[in-house]
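Visitor: Okay, so here is entry30.pdb, and as you'll see once you scroll down, it has PDB, C-alpha atoms and all ligand atoms.
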```
ATOM      1  CA  MET X   1      13.721  11.332  -2.573
ATOM      2  CA  PRO X   2      10.791  11.174  -5.035
ATOM      3  CA  VAL X   3       8.158   8.472  -4.564
ATOM      4  CA  ARG X   4       8.455   5.912  -7.379
ATOM      5  CA  LYS X   5       6.824   2.830  -5.925
ATOM      6  CA  ALA X   6       3.502   1.718  -4.492
ATOM      7  CA  ILE X   7       2.073  -1.254  -2.649
ATOM      8  CA  ILE X   8      -1.474  -2.352  -3.359
ATOM      9  CA  PRO X   9      -2.779  -4.829  -0.791
ATOM     10  CA  ALA X  10      -5.299  -7.155  -2.445
ATOM     11  CA  ALA X  11      -5.151 -10.257  -0.302
ATOM     12  CA  GLY X  12      -8.510 -10.099   1.540
ATOM     13  CA  MET X  13     -10.949 -12.994   1.245
ATOM     14  CA  GLY X  14     -13.917 -10.928   0.047
ATOM     15  CA  THR X  15     -16.423 -12.952   2.062
ATOM     16  CA  ARG X  16     -19.087 -10.242   1.735
ATOM     17  CA  PHE X  17     -19.280 -10.997  -1.984
ATOM     18  CA  LEU X  18     -19.662 -14.768  -1.788
ATOM     19  CA  PRO X  19     -20.457 -16.707  -3.875
ATOM     20  CA  ALA X  20     -18.979 -14.359  -6.531
ATOM     21  CA  THR X  21     -15.610 -14.337  -4.758
ATOM     22  CA  LYS X  22     -15.358 -18.115  -4.385
ATOM     23  CA  SER X  23     -13.182 -18.244  -7.501
ATOM     24  CA  MET X  24     -12.707 -14.544  -8.283
ATOM     25  CA  PRO X  25     -10.873 -11.951  -6.179
ATOM     26  CA  LYS X  26     -13.127  -9.105  -5.045
ATOM     27  CA  GLU X  27     -10.617  -6.649  -6.532
ATOM     28  CA  MET X  28     -11.519  -8.128  -9.943
ATOM     29  CA  LEU X  29     -15.243  -7.332  -9.670
ATOM     30  CA  PRO X  30     -16.053  -5.211 -12.725
ATOM     31  CA  ILE X  31     -17.265  -1.629 -12.563
ATOM     32  CA  VAL X  32     -18.938  -1.491 -15.997
ATOM     33  CA  ASP X  33     -16.105  -3.072 -18.019
ATOM     34  CA  LYS X  34     -12.967  -2.729 -15.884
ATOM     35  CA  PRO X  35     -12.026  -4.490 -12.654
ATOM     36  CA  VAL X  36     -11.873  -2.372  -9.499
ATOM     37  CA  LEU X  37      -8.134  -2.990  -9.272
ATOM     38  CA  GLN X  38      -7.541  -1.533 -12.733
ATOM     39  CA  TYR X  39      -9.066   1.783 -11.620
ATOM     40  CA  VAL X  40      -6.681   1.728  -8.651
ATOM     41  CA  ILE X  41      -3.628   1.021 -10.809
ATOM     42  CA  GLU X  42      -4.661   3.719 -13.282
ATOM     43  CA  GLU X  43      -4.813   6.206 -10.401
ATOM     44  CA  ALA X  44      -1.245   5.258  -9.396
ATOM     45  CA  VAL X  45       0.047   5.534 -12.967
ATOM     46  CA  GLU X  46      -1.735   8.848 -13.562
ATOM     47  CA  SER X  47      -0.147  10.076 -10.319
ATOM     48  CA  GLY X  48       3.328   9.312 -11.691
ATOM     49  CA  ILE X  49       4.004   5.913 -10.094
ATOM     50  CA  ASP X  50       4.708   2.943 -12.291
ATOM     51  CA  ASP X  51       6.467   0.429 -10.015
ATOM     52  CA  ILE X  52       3.693  -1.401  -8.242
ATOM     53  CA  LEU X  53       3.807  -4.324  -5.833
ATOM     54  CA  ILE X  54       0.482  -6.104  -5.430
ATOM     55  CA  VAL X  55       0.071  -8.213  -2.295
ATOM     56  CA  THR X  56      -2.073 -11.179  -3.274
ATOM     57  CA  GLY X  57      -2.967 -14.472  -1.665
ATOM     58  CA  ARG X  58      -4.321 -17.901  -2.509
ATOM     59  CA  GLY X  59      -6.959 -17.896  -5.237
ATOM     60  CA  LYS X  60      -5.920 -14.510  -6.645
ATOM     61  CA  GLN X  61      -4.325 -15.694  -9.907
ATOM     62  CA  ALA X  62      -6.947 -13.818 -11.949
ATOM     63  CA  ILE X  63      -5.149 -10.612 -10.933
ATOM     64  CA  GLU X  64      -1.862 -11.703 -12.488
ATOM     65  CA  ASN X  65      -3.619 -12.946 -15.615
ATOM     66  CA  HIS X  66      -5.450  -9.652 -16.041
ATOM     67  CA  PHE X  67      -2.303  -7.538 -16.136
ATOM     68  CA  ASP X  68      -0.410  -9.995 -18.360
ATOM     69  CA  TYR X  69      -0.593 -10.538 -22.135
ATOM     70  CA  ASN X  70      -3.160 -13.068 -23.324
ATOM     71  CA  PRO X  71      -1.826 -14.456 -26.664
ATOM     72  CA  ASP X  72      -4.876 -16.663 -27.389
ATOM     73  CA  LEU X  73      -7.242 -13.750 -26.915
ATOM     74  CA  GLU X  74      -5.047 -11.502 -29.057
ATOM     75  CA  ILE X  75      -4.943 -14.065 -31.916
ATOM     76  CA  PHE X  76      -8.728 -14.298 -31.748
ATOM     77  CA  LEU X  77      -9.202 -10.520 -31.717
ATOM     78  CA  ARG X  78      -6.784 -10.053 -34.623
ATOM     79  CA  GLY X  79      -8.684 -12.672 -36.667
ATOM     80  CA  ALA X  80     -11.930 -10.887 -35.868
ATOM     81  CA  GLY X  81     -10.497  -7.532 -37.022
ATOM     82  CA  LYS X  82     -10.721  -6.040 -33.522
ATOM     83  CA  GLN X  83      -7.239  -4.544 -33.290
ATOM     84  CA  ASP X  84      -8.487  -1.672 -31.084
ATOM     85  CA  LEU X  85      -9.534  -4.177 -28.411
ATOM     86  CA  ILE X  86      -6.020  -5.680 -28.376
ATOM     87  CA  GLU X  87      -4.638  -2.272 -27.468
ATOM     88  CA  GLN X  88      -7.271  -1.881 -24.753
ATOM     89  CA  VAL X  89      -6.549  -5.245 -23.132
ATOM     90  CA  ARG X  90      -2.797  -4.636 -23.179
ATOM     91  CA  ASP X  91      -2.904  -1.012 -22.078
ATOM     92  CA  ILE X  92      -2.552  -0.886 -18.289
ATOM     93  CA  GLY X  93      -0.229  -3.908 -18.089
ATOM     94  CA  GLU X  94       2.188  -1.953 -20.290
ATOM     95  CA  ARG X  95       1.971   1.349 -18.419
ATOM     96  CA  ALA X  96       3.136  -0.099 -15.100
ATOM     97  CA  GLN X  97       5.791  -2.520 -13.883
ATOM     98  CA  ILE X  98       3.663  -4.819 -11.771
ATOM     99  CA  HIS X  99       5.189  -7.170  -9.232
ATOM    100  CA  TYR X 100       3.506  -9.641  -6.910
ATOM    101  CA  ILE X 101       4.046 -11.100  -3.476
ATOM    102  CA  ARG X 102       1.753 -13.478  -1.633
ATOM    103  CA  GLN X 103       0.539 -13.091   1.919
ATOM    104  CA  LYS X 104       0.515 -16.627   3.290
ATOM    105  CA  GLU X 105      -1.715 -15.966   6.301
ATOM    106  CA  GLN X 106      -4.500 -13.425   6.789
ATOM    107  CA  LEU X 107      -2.673 -11.385   9.439
ATOM    108  CA  GLY X 108      -4.078  -8.000   8.444
ATOM    109  CA  LEU X 109      -3.268  -4.866   6.468
ATOM    110  CA  GLY X 110      -0.136  -4.066   8.487
ATOM    111  CA  ASP X 111       1.277  -7.515   7.755
ATOM    112  CA  ALA X 112       0.490  -7.130   4.031
ATOM    113  CA  ILE X 113       2.402  -3.838   3.865
ATOM    114  CA  ARG X 114       5.293  -5.293   5.868
ATOM    115  CA  LEU X 115       5.774  -7.869   3.087
ATOM    116  CA  GLY X 116       6.728  -5.014   0.751
ATOM    117  CA  ARG X 117       9.802  -4.002   2.735
ATOM    118  CA  HIS X 118      12.366  -5.671   0.507
ATOM    119  CA  HIS X 119      10.836  -4.396  -2.744
ATOM    120  CA  MET X 120      10.582  -0.810  -1.478
ATOM    121  CA  GLY X 121      14.348  -0.864  -0.849
ATOM    122  CA  GLY X 122      14.437   1.884   1.787
ATOM    123  CA  GLU X 123      12.582   4.399  -0.424
ATOM    124  CA  PRO X 124       9.426   6.314   0.489
ATOM    125  CA  PHE X 125       6.377   4.671  -1.099
ATOM    126  CA  ALA X 126       2.625   4.926  -1.572
ATOM    127  CA  VAL X 127      -0.127   2.539  -0.489
ATOM    128  CA  LEU X 128      -3.427   2.270  -2.346
ATOM    129  CA  LEU X 129      -6.065  -0.089  -0.965
ATOM    130  CA  GLY X 130      -7.036  -2.409  -3.805
ATOM    131  CA  ASP X 131     -10.763  -2.374  -3.016
ATOM    132  CA  THR X 132     -11.189   1.416  -2.935
ATOM    133  CA  ILE X 133     -11.757   3.723  -5.906
ATOM    134  CA  ILE X 134     -11.035   7.408  -5.297
ATOM    135  CA  ASP X 135     -13.106   9.771  -7.388
ATOM    136  CA  PRO X 136     -11.976  13.411  -7.137
ATOM    137  CA  PRO X 137     -14.311  16.204  -8.271
ATOM    138  CA  ALA X 138     -14.025  17.074 -11.992
ATOM    139  CA  GLY X 139     -10.874  19.026 -12.793
ATOM    140  CA  GLN X 140      -8.953  17.923  -9.687
ATOM    141  CA  LYS X 141      -5.813  15.818  -9.712
ATOM    142  CA  PRO X 142      -6.007  12.039  -9.113
ATOM    143  CA  GLY X 143      -6.324  11.168  -5.415
ATOM    144  CA  LEU X 144      -2.822   9.799  -4.970
ATOM    145  CA  ARG X 145      -1.295  12.760  -6.832
ATOM    146  CA  GLN X 146      -2.847  15.111  -4.252
ATOM    147  CA  LEU X 147      -1.190  13.114  -1.468
ATOM    148  CA  LEU X 148       2.157  13.013  -3.289
ATOM    149  CA  ASP X 149       2.039  16.811  -3.654
ATOM    150  CA  ALA X 150       1.555  17.077   0.127
ATOM    151  CA  TYR X 151       4.406  14.614   0.680
ATOM    152  CA  GLU X 152       6.741  16.583  -1.580
ATOM    153  CA  GLN X 153       6.081  19.756   0.405
ATOM    154  CA  SER X 154       6.727  18.267   3.836
ATOM    155  CA  THR X 155       8.776  15.118   2.968
ATOM    156  CA  ALA X 156       6.874  13.398   5.741
ATOM    157  CA  SER X 157       4.401  10.520   5.711
ATOM    158  CA  VAL X 158       0.873  11.595   4.862
ATOM    159  CA  VAL X 159      -2.477   9.811   4.845
ATOM    160  CA  ALA X 160      -5.732  10.842   3.169
ATOM    161  CA  VAL X 161      -8.705  11.287   5.503
ATOM    162  CA  HIS X 162     -12.308  12.343   5.193
ATOM    163  CA  ARG X 163     -15.066  13.155   7.641
ATOM    164  CA  VAL X 164     -17.584  10.447   8.408
ATOM    165  CA  PRO X 165     -20.730  10.521  10.551
ATOM    166  CA  MET X 166     -19.737   9.897  14.182
ATOM    167  CA  GLU X 167     -21.677   6.615  14.290
ATOM    168  CA  TRP X 168     -19.382   5.193  11.571
ATOM    169  CA  VAL X 169     -16.043   5.772  13.308
ATOM    170  CA  SER X 170     -15.763   2.171  14.486
ATOM    171  CA  ARG X 171     -15.449   1.020  10.845
ATOM    172  CA  TYR X 172     -12.286   3.034  10.177
ATOM    173  CA  GLY X 173      -8.876   4.163  11.318
ATOM    174  CA  ILE X 174      -9.483   7.532  13.032
ATOM    175  CA  VAL X 175      -6.912  10.318  13.390
ATOM    176  CA  ASP X 176      -6.350  13.235  15.725
ATOM    177  CA  GLY X 177      -4.146  16.190  14.796
ATOM    178  CA  GLN X 178      -3.543  19.917  14.557
ATOM    179  CA  PRO X 179      -3.468  22.089  11.418
ATOM    180  CA  GLU X 180      -0.002  23.366  10.623
ATOM    181  CA  ASN X 181       1.389  26.167   8.459
ATOM    182  CA  GLY X 182      -1.997  27.803   8.008
ATOM    183  CA  ASN X 183      -3.438  24.997   5.879
ATOM    184  CA  PRO X 184      -6.616  23.799   7.621
ATOM    185  CA  ASP X 185      -6.719  20.657   5.443
ATOM    186  CA  LEU X 186      -3.265  19.409   6.479
ATOM    187  CA  LEU X 187      -3.015  18.131  10.048
ATOM    188  CA  ARG X 188       0.066  17.047  11.949
ATOM    189  CA  LEU X 189      -1.043  13.854  13.653
ATOM    190  CA  ARG X 190      -0.716  13.119  17.353
ATOM    191  CA  LYS X 191      -2.719   9.957  17.563
ATOM    192  CA  LEU X 192      -4.272   7.326  15.326
ATOM    193  CA  VAL X 193      -6.683   4.637  16.498
ATOM    194  CA  GLU X 194      -8.004   1.712  14.479
ATOM    195  CA  LYS X 195     -11.775   1.178  14.667
ATOM    196  CA  PRO X 196     -12.400   2.974  17.984
ATOM    197  CA  ALA X 197     -15.696   2.822  19.846
ATOM    198  CA  VAL X 198     -17.697   6.047  19.323
ATOM    199  CA  ASN X 199     -16.936   7.308  22.829
ATOM    200  CA  LEU X 200     -13.194   6.719  22.412
ATOM    201  CA  ALA X 201     -12.785   8.225  18.932
ATOM    202  CA  PRO X 202     -10.558  11.333  18.977
ATOM    203  CA  SER X 203     -12.392  12.798  15.928
ATOM    204  CA  ASN X 204     -14.510  11.767  12.973
ATOM    205  CA  LEU X 205     -11.651  11.976  10.460
ATOM    206  CA  ALA X 206     -11.379   8.548   8.869
ATOM    207  CA  ILE X 207      -8.420   7.078   6.988
ATOM    208  CA  ALA X 208      -9.477   6.912   3.360
ATOM    209  CA  GLY X 209      -7.390   4.152   1.753
ATOM    210  CA  ARG X 210      -4.462   6.152   0.313
ATOM    211  CA  TYR X 211      -1.134   6.693   2.102
ATOM    212  CA  VAL X 212       2.440   7.879   1.434
ATOM    213  CA  PHE X 213       5.059   6.571   3.866
ATOM    214  CA  SER X 214       8.662   7.158   4.709
ATOM    215  CA  ALA X 215      10.620   3.896   4.985
ATOM    216  CA  GLY X 216      10.426   4.369   8.784
ATOM    217  CA  ILE X 217       7.000   2.699   8.770
ATOM    218  CA  PHE X 218       8.645  -0.712   8.303
ATOM    219  CA  ASP X 219      10.498  -0.603  11.629
ATOM    220  CA  CYS X 220       7.196   0.328  13.301
ATOM    221  CA  LEU X 221       5.386  -2.524  11.554
ATOM    222  CA  GLU X 222       8.010  -5.000  12.808
ATOM    223  CA  GLN X 223       7.199  -3.927  16.370
ATOM    224  CA  THR X 224       3.413  -3.744  16.027
ATOM    225  CA  PRO X 225       1.590  -6.395  18.037
ATOM    226  CA  ARG X 226      -1.745  -7.783  16.888
ATOM    227  CA  GLY X 227      -4.495  -5.241  17.447
ATOM    228  CA  VAL X 228      -8.208  -4.962  16.644
ATOM    229  CA  GLY X 229      -9.571  -8.220  15.202
ATOM    230  CA  GLY X 230      -6.345 -10.056  16.138
ATOM    231  CA  GLU X 231      -4.660  -8.499  13.069
ATOM    232  CA  ILE X 232      -1.500  -6.437  12.629
ATOM    233  CA  GLN X 233      -2.976  -3.004  12.000
ATOM    234  CA  LEU X 234      -1.278  -0.448   9.758
ATOM    235  CA  THR X 235      -2.947   2.290  11.809
ATOM    236  CA  ASP X 236      -1.183   1.077  14.983
ATOM    237  CA  ALA X 237       2.185   1.211  13.199
ATOM    238  CA  MET X 238       1.364   4.747  11.976
ATOM    239  CA  ASN X 239       0.538   5.767  15.517
ATOM    240  CA  MET X 240       3.991   4.547  16.541
ATOM    241  CA  LEU X 241       5.596   6.407  13.605
ATOM    242  CA  ALA X 242       3.821   9.641  14.569
ATOM    243  CA  GLN X 243       5.582   9.517  17.952
ATOM    244  CA  VAL X 244       9.053   9.504  16.335
ATOM    245  CA  GLU X 245       8.674  11.552  13.134
ATOM    246  CA  PRO X 246       6.050  13.868  11.590
ATOM    247  CA  VAL X 247       2.996  12.180  10.067
ATOM    248  CA  TYR X 248       0.323  14.289   8.379
ATOM    249  CA  ALA X 249      -3.278  13.798   7.324
ATOM    250  CA  LEU X 250      -4.683  15.492   4.236
ATOM    251  CA  ALA X 251      -8.444  16.050   4.447
ATOM    252  CA  TRP X 252      -9.612  15.906   0.848
ATOM    253  CA  GLN X 253     -12.854  16.356  -1.029
ATOM    254  CA  ALA X 254     -12.555  13.270  -3.249
ATOM    255  CA  ARG X 255     -15.440  10.787  -3.179
ATOM    256  CA  ARG X 256     -14.496   7.300  -2.168
ATOM    257  CA  PHE X 257     -16.124   4.088  -3.344
ATOM    258  CA  GLU X 258     -15.258   1.249  -1.027
ATOM    259  CA  ILE X 259     -16.047  -1.987  -2.760
ATOM    260  CA  VAL X 260     -16.490  -3.755   0.558
ATOM    261  CA  ASN X 261     -20.173  -4.645   0.456
ATOM    262  CA  ARG X 262     -22.915  -5.278  -2.062
ATOM    263  CA  VAL X 263     -24.644  -1.905  -1.745
ATOM    264  CA  GLU X 264     -21.445   0.125  -2.186
ATOM    265  CA  TYR X 265     -20.531  -2.039  -5.160
ATOM    266  CA  ALA X 266     -23.914  -1.539  -6.797
ATOM    267  CA  LYS X 267     -23.785   2.237  -6.165
ATOM    268  CA  CYS X 268     -20.358   2.514  -7.758
ATOM    269  CA  PHE X 269     -21.333   0.410 -10.772
ATOM    270  CA  VAL X 270     -24.513   2.389 -11.432
ATOM    271  CA  GLU X 271     -22.869   5.764 -10.947
ATOM    272  CA  PHE X 272     -19.959   4.999 -13.275
ATOM    273  CA  ALA X 273     -22.299   3.507 -15.883
ATOM    274  CA  LEU X 274     -24.530   6.604 -15.746
ATOM    275  CA  ARG X 275     -21.536   8.838 -16.532
ATOM    276  CA  ARG X 276     -20.504   7.068 -19.696
ATOM    277  CA  ASP X 277     -21.800   8.024 -23.122
ATOM    278  CA  ASP X 278     -22.098   4.408 -24.250
ATOM    279  CA  THR X 279     -24.139   3.224 -21.259
ATOM    280  CA  GLY X 280     -25.462   6.345 -19.480
ATOM    281  CA  PRO X 281     -28.459   7.473 -21.582
ATOM    282  CA  ARG X 282     -30.098   4.050 -21.880
ATOM    283  CA  LEU X 283     -29.436   3.157 -18.245
ATOM    284  CA  ARG X 284     -30.848   6.489 -17.062
ATOM    285  CA  GLU X 285     -34.014   5.922 -19.056
ATOM    286  CA  HIS X 286     -34.363   2.409 -17.680
ATOM    287  CA  LEU X 287     -33.769   3.454 -14.071
ATOM    288  CA  ALA X 288     -36.247   6.328 -14.352
ATOM    289  CA  LYS X 289     -38.902   3.869 -15.583
ATOM    290  CA  LEU X 290     -38.041   1.339 -12.906
ATOM    291  CA  LEU X 291     -38.192   3.894 -10.113
ATOM    292  CA  ALA X 292     -41.458   5.409 -11.374
ATOM    293  CA  ASP X 293     -43.223   2.013 -11.165
TER     294      ASP X 293
HETATM  295  C1  LIG S   1      -8.722  -0.400   6.504
HETATM  296  C2  LIG S   1      -7.841   0.357   7.504
HETATM  297  C3  LIG S   1      -8.612   1.526   8.105
HETATM  298  C4  LIG S   1      -9.152   2.419   6.994
HETATM  299  C5  LIG S   1      -9.994   1.589   6.018
HETATM  300  C6  LIG S   1     -10.397   2.439   4.828
HETATM  301  O1  LIG S   1      -9.752  -1.041   7.221
HETATM  302  O2  LIG S   1      -7.408  -0.529   8.503
HETATM  303  O3  LIG S   1      -7.771   2.260   8.946
HETATM  304  O4  LIG S   1      -9.937   3.466   7.547
HETATM  305  O5  LIG S   1      -9.255   0.465   5.526
HETATM  306  O6  LIG S   1     -11.205   1.728   3.954
HETATM  307  P1  LIG S   1     -10.593  -2.282   6.604
HETATM  308  O7  LIG S   1     -11.601  -1.656   5.675
HETATM  309  O8  LIG S   1      -9.634  -3.161   5.888
HETATM  310  O9  LIG S   1     -11.249  -2.935   7.768
END
```
Represent the structure from my file as structure tokens, please.
Guide:
Amino acid sequence: MPVRKAIIPAAGMGTRFLPATKSMPKEMLPIVDKPVLQYVIEEAVESGIDDILIVTGRGKQAIENHFDYNPDLEIFLRGAGKQDLIEQVRDIGERAQIHYIRQKEQLGLGDAIRLGRHHMGGEPFAVLLGDTIIDPPAGQKPGLRQLLDAYEQSTASVVAVHRVPMEWVSRYGIVDGQPENGNPDLLRLRKLVEKPAVNLAPSNLAIAGRYVFSAGIFDCLEQTPRGVGGEIQLTDAMNMLAQVEPVYALAWQARRFEIVNRVEYAKCFVEFALRRDDTGPRLREHLAKLLAD
């Protein structure tokens, strides 16, 4: 069965960005002129998925407003002769069917995904973390598309991973597996551990924020007790799934920008702004001057 749907969890409190996130979801922080979440939705759409369920929470209404029409703004833009901007502000909201569900309590990523069970309707589905932008090298397919290709070959759940320095393993879900079918980048997983201590980590392959699941993950999530941080961990449910059906990890080359702290946010903003013709040249000049002083 082809993958048609995705869940984007975007319910976290964003405390590392306070005070900015007091009234604005962290997923709505702009990278140049688009919110982080719009990059994520564009990746899903460009990967062939247009039915998207966003898991939100209290104080996240800006997300729904962003992907909706805004008649007052459109009347203003029309009056000002800025028709091209109307198309830009409508664009992504029209390319995807976006649905919402609210997580009432902060019970973790596993709980957020569990809330999507009804909407996924027994079909396989993708998960894209709403605070992570995947940036494949030029000429490569969008991140999620690479995972979907792997899924279509094996029709088994698959998660993107990348190598991290050993001292960072306790920030991530870490996987352990064996290459199969001669592809060294595709591992059949034996074990997954959420945020292990360095001495307990089975490898330095970290879960990178993009997943494709068979519907079997929901039964595992229902049985997953609270884990690290007192939260229901998606990684624990995946570990359970890997004991009953094949689960793979795809080690990819794509860069990942995790908008989870101020430095990573600033790096992503600057790097994206440097790449653009309308902002890059002047910003480069300014940064060069700043850094020379
Ligand atoms: C979550 C997942 C973790 C994964 C990480 C990637 O952790 O639980 O397995 O490696 O995202 O960003 P969080 O960043 O929400 O603590």
Visitor: May I ask for the distance between CA of Trp168 (chain X) and atom C1 of ligand LIG 1 (chain S), given in Å to one decimal place?
Guide: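 Distance between the two atoms: 13.1 Å.
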Visitor: For the provided coordinates, the residues matched by the PyMOL selection byres (((chain X and resi 164) around 8) and not hetatm) should be stated as JSON, numbers by chain.
Guide: {"X": [162, 163, 165, 166, 168, 169, 204, 205, 206]}
Visitor: Got a sec to resolve the PyMOL selection byres (((chain X and resi 225) around 12) and not hetatm) on this structure and send the residues as a count of residues only?
Guide: 22
Visitor: Please identify all polymer residues within 9 Å of Glu43 (chain X), counting only C-alpha atoms, omitting same-chain residues fewer than 6 positions from it, and present them as a list in words.
Guide: Ile49, Ile133, Ile134, Pro142, Gly143, Leu144 and Arg145 of chain X
Visitor: Using the chain letters and residue numbers of this document, give as a list in words the residues selected by the PyMOL selection byres (((not hetatm)) within 7 of (chain S and resi 1)).
Guide: Leu109, Thr132, Arg171, Tyr172, Gly173, Ile174, Glu194, Ala206, Ile207, Ala208, Gly209, Gln233, Leu234, Thr235 and Glu258 of chain X
Visitor: Could you take the residues named above and write them with C-alpha atoms, as a compact mmCIF listing (two decimals), in the frame of the given file?
Guide:
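In the end it all went to again-v7.txt:
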```txt
# COMPACT_ATOMS: atom_id res chain seq x y z
CA LEU X 109 -3.27 -4.87 6.47
CA THR X 132 -11.19 1.42 -2.94
CA ARG X 171 -15.45 1.02 10.84
CA TYR X 172 -12.29 3.03 10.18
CA GLY X 173 -8.88 4.16 11.32
CA ILE X 174 -9.48 7.53 13.03
CA GLU X 194 -8.00 1.71 14.48
CA ALA X 206 -11.38 8.55 8.87
CA ILE X 207 -8.42 7.08 6.99
CA ALA X 208 -9.48 6.91 3.36
CA GLY X 209 -7.39 4.15 1.75
CA GLN X 233 -2.98 -3.00 12.00
CA LEU X 234 -1.28 -0.45 9.76
CA THR X 235 -2.95 2.29 11.81
CA GLU X 258 -15.26 1.25 -1.03
```
Visitor: Set up a box along x, y and z of the file covering all listed atoms of region 216-221 of chain X, add 6 Å on every one of the six sides, and write the centre and edge lengths in Å to one decimal, as lines of an AutoDock Vina configuration file.
Guide:
```
center_x = 7.9
center_y = 0.9
center_z = 10.8
size_x = 17.1
size_y = 18.9
size_z = 17.0
```
Visitor: I need region 41-61 of chain X from the structure I supplied, saved as a PDB file, in the first residue's frame with N, CA and C atoms retained.
Guide:
```pdb
ATOM      1  N   ILE X  41       6.530  20.932   5.758  1.00  0.00           N
ATOM      2  CA  ILE X  41       5.372  20.538   4.945  1.00  0.00           C
ATOM      3  C   ILE X  41       5.753  20.503   3.469  1.00  0.00           C
ATOM      4  N   GLU X  42       6.587  21.430   3.039  1.00  0.00           N
ATOM      5  CA  GLU X  42       7.027  21.412   1.635  1.00  0.00           C
ATOM      6  C   GLU X  42       7.801  20.126   1.332  1.00  0.00           C
ATOM      7  N   GLU X  43       8.606  19.684   2.285  1.00  0.00           N
ATOM      8  CA  GLU X  43       9.344  18.423   2.082  1.00  0.00           C
ATOM      9  C   GLU X  43       8.366  17.259   1.894  1.00  0.00           C
ATOM     10  N   ALA X  44       7.312  17.234   2.723  1.00  0.00           N
ATOM     11  CA  ALA X  44       6.312  16.150   2.602  1.00  0.00           C
ATOM     12  C   ALA X  44       5.639  16.213   1.240  1.00  0.00           C
ATOM     13  N   VAL X  45       5.207  17.402   0.844  1.00  0.00           N
ATOM     14  CA  VAL X  45       4.485  17.560  -0.427  1.00  0.00           C
ATOM     15  C   VAL X  45       5.403  17.193  -1.595  1.00  0.00           C
ATOM     16  N   GLU X  46       6.651  17.675  -1.538  1.00  0.00           N
ATOM     17  CA  GLU X  46       7.585  17.359  -2.632  1.00  0.00           C
ATOM     18  C   GLU X  46       7.963  15.864  -2.641  1.00  0.00           C
ATOM     19  N   SER X  47       7.683  15.173  -1.555  1.00  0.00           N
ATOM     20  CA  SER X  47       7.937  13.735  -1.496  1.00  0.00           C
ATOM     21  C   SER X  47       6.711  12.935  -1.932  1.00  0.00           C
ATOM     22  N   GLY X  48       5.611  13.638  -2.256  1.00  0.00           N
ATOM     23  CA  GLY X  48       4.428  12.959  -2.772  1.00  0.00           C
ATOM     24  C   GLY X  48       3.334  12.736  -1.745  1.00  0.00           C
ATOM     25  N   ILE X  49       3.441  13.383  -0.585  1.00  0.00           N
ATOM     26  CA  ILE X  49       2.413  13.203   0.459  1.00  0.00           C
ATOM     27  C   ILE X  49       1.639  14.496   0.621  1.00  0.00           C
ATOM     28  N   ASP X  50       0.314  14.403   0.560  1.00  0.00           N
ATOM     29  CA  ASP X  50      -0.419  15.665   0.693  1.00  0.00           C
ATOM     30  C   ASP X  50      -1.531  15.595   1.736  1.00  0.00           C
ATOM     31  N   ASP X  51      -1.617  14.493   2.483  1.00  0.00           N
ATOM     32  CA  ASP X  51      -2.587  14.401   3.573  1.00  0.00           C
ATOM     33  C   ASP X  51      -1.792  14.426   4.874  1.00  0.00           C
ATOM     34  N   ILE X  52      -1.881  15.560   5.553  1.00  0.00           N
ATOM     35  CA  ILE X  52      -0.985  15.784   6.689  1.00  0.00           C
ATOM     36  C   ILE X  52      -1.782  16.080   7.953  1.00  0.00           C
ATOM     37  N   LEU X  53      -1.446  15.362   9.008  1.00  0.00           N
ATOM     38  CA  LEU X  53      -2.070  15.599  10.315  1.00  0.00           C
ATOM     39  C   LEU X  53      -1.033  16.261  11.220  1.00  0.00           C
ATOM     40  N   ILE X  54      -1.325  17.479  11.649  1.00  0.00           N
ATOM     41  CA  ILE X  54      -0.386  18.162  12.547  1.00  0.00           C
ATOM     42  C   ILE X  54      -0.898  18.015  13.975  1.00  0.00           C
ATOM     43  N   VAL X  55      -0.022  17.543  14.864  1.00  0.00           N
ATOM     44  CA  VAL X  55      -0.404  17.418  16.275  1.00  0.00           C
ATOM     45  C   VAL X  55       0.020  18.709  16.968  1.00  0.00           C
ATOM     46  N   THR X  56      -0.979  19.474  17.404  1.00  0.00           N
ATOM     47  CA  THR X  56      -0.687  20.762  18.032  1.00  0.00           C
ATOM     48  C   THR X  56      -1.044  20.689  19.514  1.00  0.00           C
ATOM     49  N   GLY X  57      -1.038  21.820  20.151  1.00  0.00           N
ATOM     50  CA  GLY X  57      -1.419  21.866  21.564  1.00  0.00           C
ATOM     51  C   GLY X  57      -1.903  23.271  21.880  1.00  0.00           C
ATOM     52  N   ARG X  58      -2.087  23.548  23.156  1.00  0.00           N
ATOM     53  CA  ARG X  58      -2.543  24.888  23.542  1.00  0.00           C
ATOM     54  C   ARG X  58      -1.560  25.942  23.041  1.00  0.00           C
ATOM     55  N   GLY X  59      -2.095  27.069  22.606  1.00  0.00           N
ATOM     56  CA  GLY X  59      -1.239  28.189  22.201  1.00  0.00           C
ATOM     57  C   GLY X  59      -0.621  28.018  20.823  1.00  0.00           C
ATOM     58  N   LYS X  60      -1.125  27.088  20.026  1.00  0.00           N
ATOM     59  CA  LYS X  60      -0.512  26.825  18.717  1.00  0.00           C
ATOM     60  C   LYS X  60      -1.406  27.292  17.559  1.00  0.00           C
ATOM     61  N   GLN X  61      -2.357  28.185  17.850  1.00  0.00           N
ATOM     62  CA  GLN X  61      -3.317  28.574  16.804  1.00  0.00           C
ATOM     63  C   GLN X  61      -2.638  29.233  15.606  1.00  0.00           C
TER      64      GLN X  61
END
```
